[in-house]
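Participant: mmCIF, C-alpha atoms, saved as protein.cif, coming up:
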data_final
loop_
_atom_site.group_PDB
_atom_site.id
_atom_site.type_symbol
_atom_site.label_atom_id
_atom_site.label_comp_id
_atom_site.auth_asym_id
_atom_site.auth_seq_id
_atom_site.Cartn_x
_atom_site.Cartn_y
_atom_site.Cartn_z
ATOM 1 C CA MET G 249 9.983 -35.858 20.939
ATOM 2 C CA LYS G 250 8.442 -36.540 24.329
ATOM 3 C CA ASN G 251 9.133 -40.226 23.944
ATOM 4 C CA ASN G 252 12.759 -39.564 23.032
ATOM 5 C CA PHE G 253 13.164 -37.294 26.068
ATOM 6 C CA LEU G 254 11.715 -39.925 28.404
ATOM 7 C CA SER G 255 14.024 -42.540 26.946
ATOM 8 C CA VAL G 256 17.071 -40.318 27.503
ATOM 9 C CA LEU G 257 15.867 -39.461 31.010
ATOM 10 C CA LYS G 258 15.377 -43.099 31.904
ATOM 11 C CA SER G 259 18.820 -43.940 30.546
ATOM 12 C CA GLY G 260 20.370 -41.139 32.564
ATOM 13 C CA VAL G 261 18.659 -42.266 35.749
ATOM 14 C CA ALA G 262 19.826 -45.842 35.147
ATOM 15 C CA VAL G 263 23.440 -44.754 34.620
ATOM 16 C CA ALA G 264 23.337 -42.622 37.767
ATOM 17 C CA ALA G 265 21.898 -45.525 39.754
ATOM 18 C CA ILE G 266 24.652 -47.834 38.537
ATOM 19 C CA ALA G 267 27.307 -45.256 39.463
ATOM 20 C CA ILE G 268 25.857 -44.846 42.977
ATOM 21 C CA LEU G 269 25.702 -48.626 43.391
ATOM 22 C CA ALA G 270 29.316 -48.991 42.287
ATOM 23 C CA VAL G 271 30.512 -46.386 44.792
ATOM 24 C CA SER G 272 28.455 -48.015 47.531
ATOM 25 C CA CYS G 273 29.960 -51.428 46.771
ATOM 26 C CA GLN G 274 33.454 -49.970 46.849
ATOM 27 C CA LYS G 275 32.769 -48.532 50.310
ATOM 28 C CA ASP G 276 31.328 -51.830 51.548
ATOM 29 C CA ASN G 277 34.301 -53.785 50.210
ATOM 30 C CA LYS G 278 36.905 -51.418 51.602
ATOM 31 C CA VAL G 279 39.291 -53.385 53.860
ATOM 32 C CA THR G 280 40.289 -51.639 57.044
ATOM 33 C CA PRO G 281 43.679 -52.237 58.671
ATOM 34 C CA GLU G 282 41.940 -54.029 61.554
ATOM 35 C CA SER G 283 40.221 -56.564 59.290
ATOM 36 C CA THR G 284 43.475 -57.137 57.382
ATOM 37 C CA THR G 285 45.249 -57.925 60.652
ATOM 38 C CA THR G 286 42.518 -60.320 61.739
ATOM 39 C CA ALA G 287 42.543 -62.140 58.414
ATOM 40 C CA SER G 288 46.316 -62.526 58.488
ATOM 41 C CA LYS G 289 46.212 -64.012 62.000
ATOM 42 C CA LEU G 290 43.553 -66.483 60.984
ATOM 43 C CA SER G 291 45.502 -67.550 57.924
ATOM 44 C CA VAL G 292 48.710 -68.423 59.802
ATOM 45 C CA ASN G 293 48.839 -71.993 61.050
ATOM 46 C CA ALA G 294 50.894 -72.871 64.088
ATOM 47 C CA VAL G 295 52.557 -75.556 61.958
ATOM 48 C CA PRO G 296 52.386 -73.867 58.536
ATOM 49 C CA THR G 297 54.152 -76.655 56.662
ATOM 50 C CA SER G 298 54.808 -80.246 57.610
ATOM 51 C CA ASN G 299 56.655 -83.207 56.176
ATOM 52 C CA THR G 300 55.956 -86.917 56.352
ATOM 53 C CA TYR G 301 58.888 -89.305 56.768
ATOM 54 C CA THR G 302 59.332 -93.035 57.249
ATOM 55 C CA VAL G 303 61.553 -94.086 60.142
ATOM 56 C CA THR G 304 62.872 -97.585 59.523
ATOM 57 C CA GLY G 305 64.134 -99.513 62.533
ATOM 58 C CA GLN G 306 66.762 -102.231 62.675
ATOM 59 C CA TYR G 307 66.137 -105.965 62.598
ATOM 60 C CA ALA G 308 66.755 -107.875 65.831
ATOM 61 C CA ASP G 309 65.558 -110.857 67.824
ATOM 62 C CA PRO G 310 63.239 -109.690 70.657
ATOM 63 C CA ALA G 311 64.923 -112.292 72.860
ATOM 64 C CA GLN G 312 68.043 -110.103 72.791
ATOM 65 C CA GLY G 313 66.173 -107.375 74.646
ATOM 66 C CA PRO G 314 65.892 -103.673 73.805
ATOM 67 C CA ALA G 315 69.627 -103.199 73.223
ATOM 68 C CA GLY G 316 69.553 -105.536 70.238
ATOM 69 C CA TYR G 317 67.706 -102.959 68.127
ATOM 70 C CA GLY G 318 70.232 -100.188 68.550
ATOM 71 C CA THR G 319 69.238 -96.590 67.851
ATOM 72 C CA ILE G 320 67.947 -94.653 64.844
ATOM 73 C CA TYR G 321 68.827 -90.941 64.819
ATOM 74 C CA VAL G 322 66.519 -88.662 62.821
ATOM 75 C CA ASP G 323 66.841 -85.124 61.469
ATOM 76 C CA LEU G 324 63.302 -83.710 61.602
ATOM 77 C CA ALA G 325 64.093 -81.021 59.015
ATOM 78 C CA THR G 326 65.047 -83.426 56.227
ATOM 79 C CA GLY G 327 64.119 -86.920 57.395
ATOM 80 C CA THR G 328 67.762 -88.006 57.217
ATOM 81 C CA GLN G 329 68.459 -90.884 59.580
ATOM 82 C CA GLY G 330 71.334 -93.074 60.669
ATOM 83 C CA THR G 331 72.405 -95.614 63.256
ATOM 84 C CA SER G 332 74.918 -93.261 64.894
ATOM 85 C CA SER G 333 74.538 -89.698 66.114
ATOM 86 C CA PHE G 334 75.123 -86.808 63.698
ATOM 87 C CA ALA G 335 75.056 -83.029 64.088
ATOM 88 C CA ALA G 336 71.627 -82.378 62.549
ATOM 89 C CA ALA G 337 69.800 -85.158 64.429
ATOM 90 C CA ASP G 338 66.849 -83.974 66.565
ATOM 91 C CA VAL G 339 65.398 -87.188 67.984
ATOM 92 C CA LEU G 340 66.271 -90.841 68.293
ATOM 93 C CA PHE G 341 64.182 -94.007 68.143
ATOM 94 C CA THR G 342 65.525 -96.668 70.473
ATOM 95 C CA SER G 343 64.664 -99.693 72.645
ATOM 96 C CA THR G 344 62.571 -102.685 71.442
ATOM 97 C CA ASN G 345 61.599 -102.280 67.781
ATOM 98 C CA ASN G 346 63.014 -98.736 67.998
ATOM 99 C CA SER G 347 59.644 -97.690 69.369
ATOM 100 C CA VAL G 348 60.810 -95.313 72.128
ATOM 101 C CA ILE G 349 61.371 -91.668 71.155
ATOM 102 C CA GLN G 350 64.051 -89.663 72.947
ATOM 103 C CA THR G 351 65.796 -86.356 72.300
ATOM 104 C CA ILE G 352 69.397 -85.429 71.825
ATOM 105 C CA SER G 353 71.159 -84.162 74.958
ATOM 106 C CA GLY G 354 70.124 -80.585 75.729
ATOM 107 C CA SER G 355 66.690 -80.871 74.089
ATOM 108 C CA THR G 356 63.346 -81.462 75.798
ATOM 109 C CA LEU G 357 60.298 -83.609 75.045
ATOM 110 C CA LYS G 358 56.691 -82.874 75.959
ATOM 111 C CA TYR G 359 53.511 -84.584 74.835
ATOM 112 C CA LEU G 360 49.880 -83.674 74.401
ATOM 113 C CA TYR G 361 46.756 -85.753 73.815
ATOM 114 C CA ASP G 362 43.915 -83.587 72.560
ATOM 115 C CA THR G 363 41.113 -84.901 70.363
ATOM 116 C CA ASN G 364 40.092 -81.325 69.526
ATOM 117 C CA LYS G 365 43.438 -80.378 67.973
ATOM 118 C CA THR G 366 44.823 -81.008 64.515
ATOM 119 C CA PHE G 367 48.512 -81.162 63.703
ATOM 120 C CA ALA G 368 48.432 -77.918 61.698
ATOM 121 C CA THR G 369 46.871 -75.919 64.536
ATOM 122 C CA LEU G 370 49.203 -77.032 67.318
ATOM 123 C CA LYS G 371 50.815 -74.199 69.259
ATOM 124 C CA ILE G 372 53.679 -74.193 71.730
ATOM 125 C CA SER G 373 51.279 -72.872 74.363
ATOM 126 C CA ASP G 374 49.201 -76.053 74.023
ATOM 127 C CA PHE G 375 52.044 -77.864 75.784
ATOM 128 C CA ALA G 376 52.428 -75.261 78.555
ATOM 129 C CA SER G 377 51.050 -77.473 81.317
ATOM 130 C CA ALA G 378 52.851 -80.605 80.131
ATOM 131 C CA THR G 379 55.837 -81.906 82.060
ATOM 132 C CA ALA G 380 59.071 -82.566 80.200
ATOM 133 C CA VAL G 381 59.861 -86.278 79.905
ATOM 134 C CA THR G 382 63.002 -88.203 78.994
ATOM 135 C CA SER G 383 61.301 -90.585 76.585
ATOM 136 C CA ILE G 384 57.949 -91.421 75.010
ATOM 137 C CA GLY G 385 57.014 -94.942 73.981
ATOM 138 C CA ARG G 386 54.285 -97.396 74.848
ATOM 139 C CA ASN G 387 51.181 -96.085 76.595
ATOM 140 C CA THR G 388 50.956 -97.450 80.139
ATOM 141 C CA SER G 389 48.099 -95.265 81.362
ATOM 142 C CA THR G 390 44.874 -96.964 82.444
ATOM 143 C CA ASP G 391 42.927 -93.809 81.575
ATOM 144 C CA VAL G 392 41.897 -93.954 77.915
ATOM 145 C CA ASN G 393 41.477 -90.183 77.931
ATOM 146 C CA ALA G 394 45.009 -89.512 79.162
ATOM 147 C CA PRO G 395 47.550 -91.742 77.385
ATOM 148 C CA ASN G 396 51.202 -91.238 78.337
ATOM 149 C CA GLY G 397 52.682 -92.886 75.250
ATOM 150 C CA TRP G 398 52.287 -92.561 71.490
ATOM 151 C CA TYR G 399 51.172 -96.191 70.928
ATOM 152 C CA ASN G 400 49.237 -99.100 72.348
ATOM 153 C CA TYR G 401 50.358 -102.687 71.919
ATOM 154 C CA VAL G 402 47.327 -104.683 70.891
ATOM 155 C CA GLN G 403 47.355 -108.289 69.678
ATOM 156 C CA PRO G 404 47.279 -109.445 66.944
ATOM 157 C CA GLY G 405 48.019 -106.090 65.286
ATOM 158 C CA GLY G 406 50.895 -105.182 67.586
ATOM 159 C CA VAL G 407 51.986 -101.546 67.794
ATOM 160 C CA THR G 408 49.072 -99.174 67.110
ATOM 161 C CA ALA G 409 49.625 -95.411 66.958
ATOM 162 C CA ILE G 410 47.273 -93.329 69.129
ATOM 163 C CA GLY G 411 45.476 -90.620 67.166
ATOM 164 C CA THR G 412 45.783 -86.952 68.214
ATOM 165 C CA PHE G 413 48.838 -87.726 70.372
ATOM 166 C CA TYR G 414 51.379 -84.981 69.724
ATOM 167 C CA ILE G 415 54.990 -84.461 70.757
ATOM 168 C CA LEU G 416 56.897 -81.187 71.140
ATOM 169 C CA VAL G 417 60.654 -81.309 70.559
ATOM 170 C CA THR G 418 62.469 -78.226 71.841
ATOM 171 C CA PRO G 419 66.214 -78.102 71.138
ATOM 172 C CA SER G 420 68.679 -76.018 73.130
ATOM 173 C CA LEU G 421 69.314 -74.063 69.925
ATOM 174 C CA GLY G 422 67.142 -73.705 66.841
ATOM 175 C CA SER G 423 63.445 -74.111 66.109
ATOM 176 C CA PRO G 424 60.992 -76.270 68.095
ATOM 177 C CA TYR G 425 59.275 -79.078 66.193
ATOM 178 C CA ALA G 426 55.903 -80.743 66.475
ATOM 179 C CA LEU G 427 55.941 -84.500 65.918
ATOM 180 C CA GLN G 428 53.217 -87.108 65.491
ATOM 181 C CA VAL G 429 53.549 -90.806 64.722
ATOM 182 C CA THR G 430 50.667 -91.454 62.337
ATOM 183 C CA ALA G 431 51.241 -95.125 61.532
ATOM 184 C CA ALA G 432 53.270 -98.117 62.683
ATOM 185 C CA ALA G 433 54.043 -101.432 61.034
ATOM 186 C CA GLY G 434 56.301 -104.419 61.609
ATOM 187 C CA ASP G 435 58.553 -106.378 59.258
ATOM 188 C CA GLY G 436 60.091 -109.786 59.669
ATOM 189 C CA THR G 437 59.473 -112.910 61.712
ATOM 190 C CA ALA G 438 59.028 -113.776 65.371
ATOM 191 C CA THR G 439 62.785 -114.087 65.835
ATOM 192 C CA SER G 440 63.927 -111.251 63.559
ATOM 193 C CA ASN G 441 61.774 -108.175 63.196
ATOM 194 C CA ARG G 442 61.813 -104.405 63.020
ATOM 195 C CA GLY G 443 59.466 -101.445 63.418
ATOM 196 C CA VAL G 444 58.611 -99.062 60.577
ATOM 197 C CA TYR G 445 56.996 -95.775 61.566
ATOM 198 C CA THR G 446 55.386 -92.940 59.625
ATOM 199 C CA ILE G 447 55.911 -89.569 61.266
ATOM 200 C CA GLN G 448 54.523 -86.113 60.534
ATOM 201 C CA THR G 449 56.673 -83.220 61.644
ATOM 202 C CA GLY G 450 57.118 -79.479 61.184
ATOM 203 C CA VAL G 451 58.429 -76.336 62.849
ATOM 204 C CA ILE G 452 56.011 -74.642 65.258
ATOM 205 C CA ASN G 453 56.125 -70.874 64.656
ATOM 206 C CA ASN G 454 53.105 -69.723 66.682
ATOM 207 C CA ASN G 455 52.952 -69.453 70.456
#
Render the structure in this file as structure tokens.
Facilitator:
Amino acid sequence: MKNNFLSVLKSGVAVAAIAILAVSCQKDNKVTPESTTTASKLSVNAVPTSNTYTVTGQYADPAQGPAGYGTIYVDLATGTQGTSSFAAADVLFTSTNNSVIQTISGSTLKYLYDTNKTFATLKISDFASATAVTSIGRNTSTDVNAPNGWYNYVQPGGVTAIGTFYILVTPSLGSPYALQVTAAAGDGTATSNRGVYTIQTGVINNN
């Protein structure tokens, strides 16, 4: 009888201990409004979604000069492109090998070189101290830590995209876009060639 009583007592103590532990865990795991807010802020990227598109330039003979390549207009929302302006176009690729990026009239361009940033974490405020420019093409800066263009021209490879070089496209109406040229290649011969560029782009929704 004594043994049975001790067994029941031990079982009761064990059950009570488990119940206390469960309540304690529930209290520890309770999420306060403050921690929910913090978690939600941390989970929102400045560029929450991005798309990768290929911008294909036009063939021309470099001897013709920049005008020979015409202009490629690009819609950053869909990747749609054409050789003449259209309503949804956000940027244009022009000049030699279509390697110079410009905006549609009324929009602005800014650029940022920051080795500590990733595309997904870019914010509009990152570009606050940057001056608006009319076009962005070949890097002409002698300071390797402060390039002023999205690519270097290095023989024999030719056009080489500069890593962590980011562009902000702000239209007069609509959403601002982040843009990065991640790769560049050339097609053709010495007398007839074109540029082919891989771009990453997405709407910036975080200041």
Participant: Which residues come within 7 Å of segment 332-342 of chain G, counting only C-alpha atoms, excluding same-chain residues fewer than 4 positions away, as a ChimeraX atom specification?
Facilitator: /G:318-324,346-352
Participant: Evaluate the PyMOL selection byres ((chain G and resi 446) around 12) against this structure - the residues, as number ranges by chain, please.
Facilitator: G: 299-305, 327, 347, 408-409, 427-434, 443-445, 447-449
Participant: From the set G:Thr356, G:Ala368, G:Thr437, G:Arg442, which residue has the shortest atom-to-atom contact distance to Leu421 of chain G, counting all atoms listed in the file?
Facilitator: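 Ranking G:Thr356, G:Ala368, G:Thr437, G:Arg442 by distance to Leu421 of chain G, first place goes to G:Thr356.
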Participant: Please list, as a PyMOL selection string, the residues that have an atom at most 9 Å away from (60.1, -84.6, 82.4) in the coordinates of this file, counting all atoms listed in the file.
Facilitator: chain G and resi 356-358+378-383
Participant: Once the PyMOL selection byres ((chain G and resi 308) around 9) has been applied to the shown file, what residues remain in the selection, as a PyMOL selection string?
Facilitator: chain G and resi 306-307+309-313+316-318+344-345+439-442
Participant: Write the residues of the preceding selection, restricted to C-alpha atoms, as a compact mmCIF listing (two decimals), keeping the file's coordinate frame.
Facilitator:
# COMPACT_ATOMS: atom_id res chain seq x y z
CA GLN G 306 66.76 -102.23 62.68
CA TYR G 307 66.14 -105.96 62.60
CA ASP G 309 65.56 -110.86 67.82
CA PRO G 310 63.24 -109.69 70.66
CA ALA G 311 64.92 -112.29 72.86
CA GLN G 312 68.04 -110.10 72.79
CA GLY G 313 66.17 -107.38 74.65
CA GLY G 316 69.55 -105.54 70.24
CA TYR G 317 67.71 -102.96 68.13
CA GLY G 318 70.23 -100.19 68.55
CA THR G 344 62.57 -102.68 71.44
CA ASN G 345 61.60 -102.28 67.78
CA THR G 439 62.78 -114.09 65.83
CA SER G 440 63.93 -111.25 63.56
CA ASN G 441 61.77 -108.18 63.20
CA ARG G 442 61.81 -104.40 63.02
Participant: Could you give me, as a ChimeraX atom specification, the residues that have an atom at most 10 Å away from the point (52.0, -79.9, 67.4) in the coordinates of the file, using all atoms listed in the file?
Facilitator: /G:294-295,359-360,365-375,412-417,424-428,448-452
Participant: Kindly give the distance, in Å, that separates atom CA of Ile384 of chain G and atom CA of Ala315 of chain G, rounded to a single decimal.
Facilitator: 16.7 Å
Participant: Provide the atom CA of Asn387 of chain G to atom CA of Ser355 of chain G distance in Å, to one decimal place.
Facilitator: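 Computing it gives 21.9 Å between the two atoms.
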Participant: Quick one, how far is atom CA of Asn396 of chain G from atom CA of Gly354 of chain G?
Facilitator: 21.9 Å
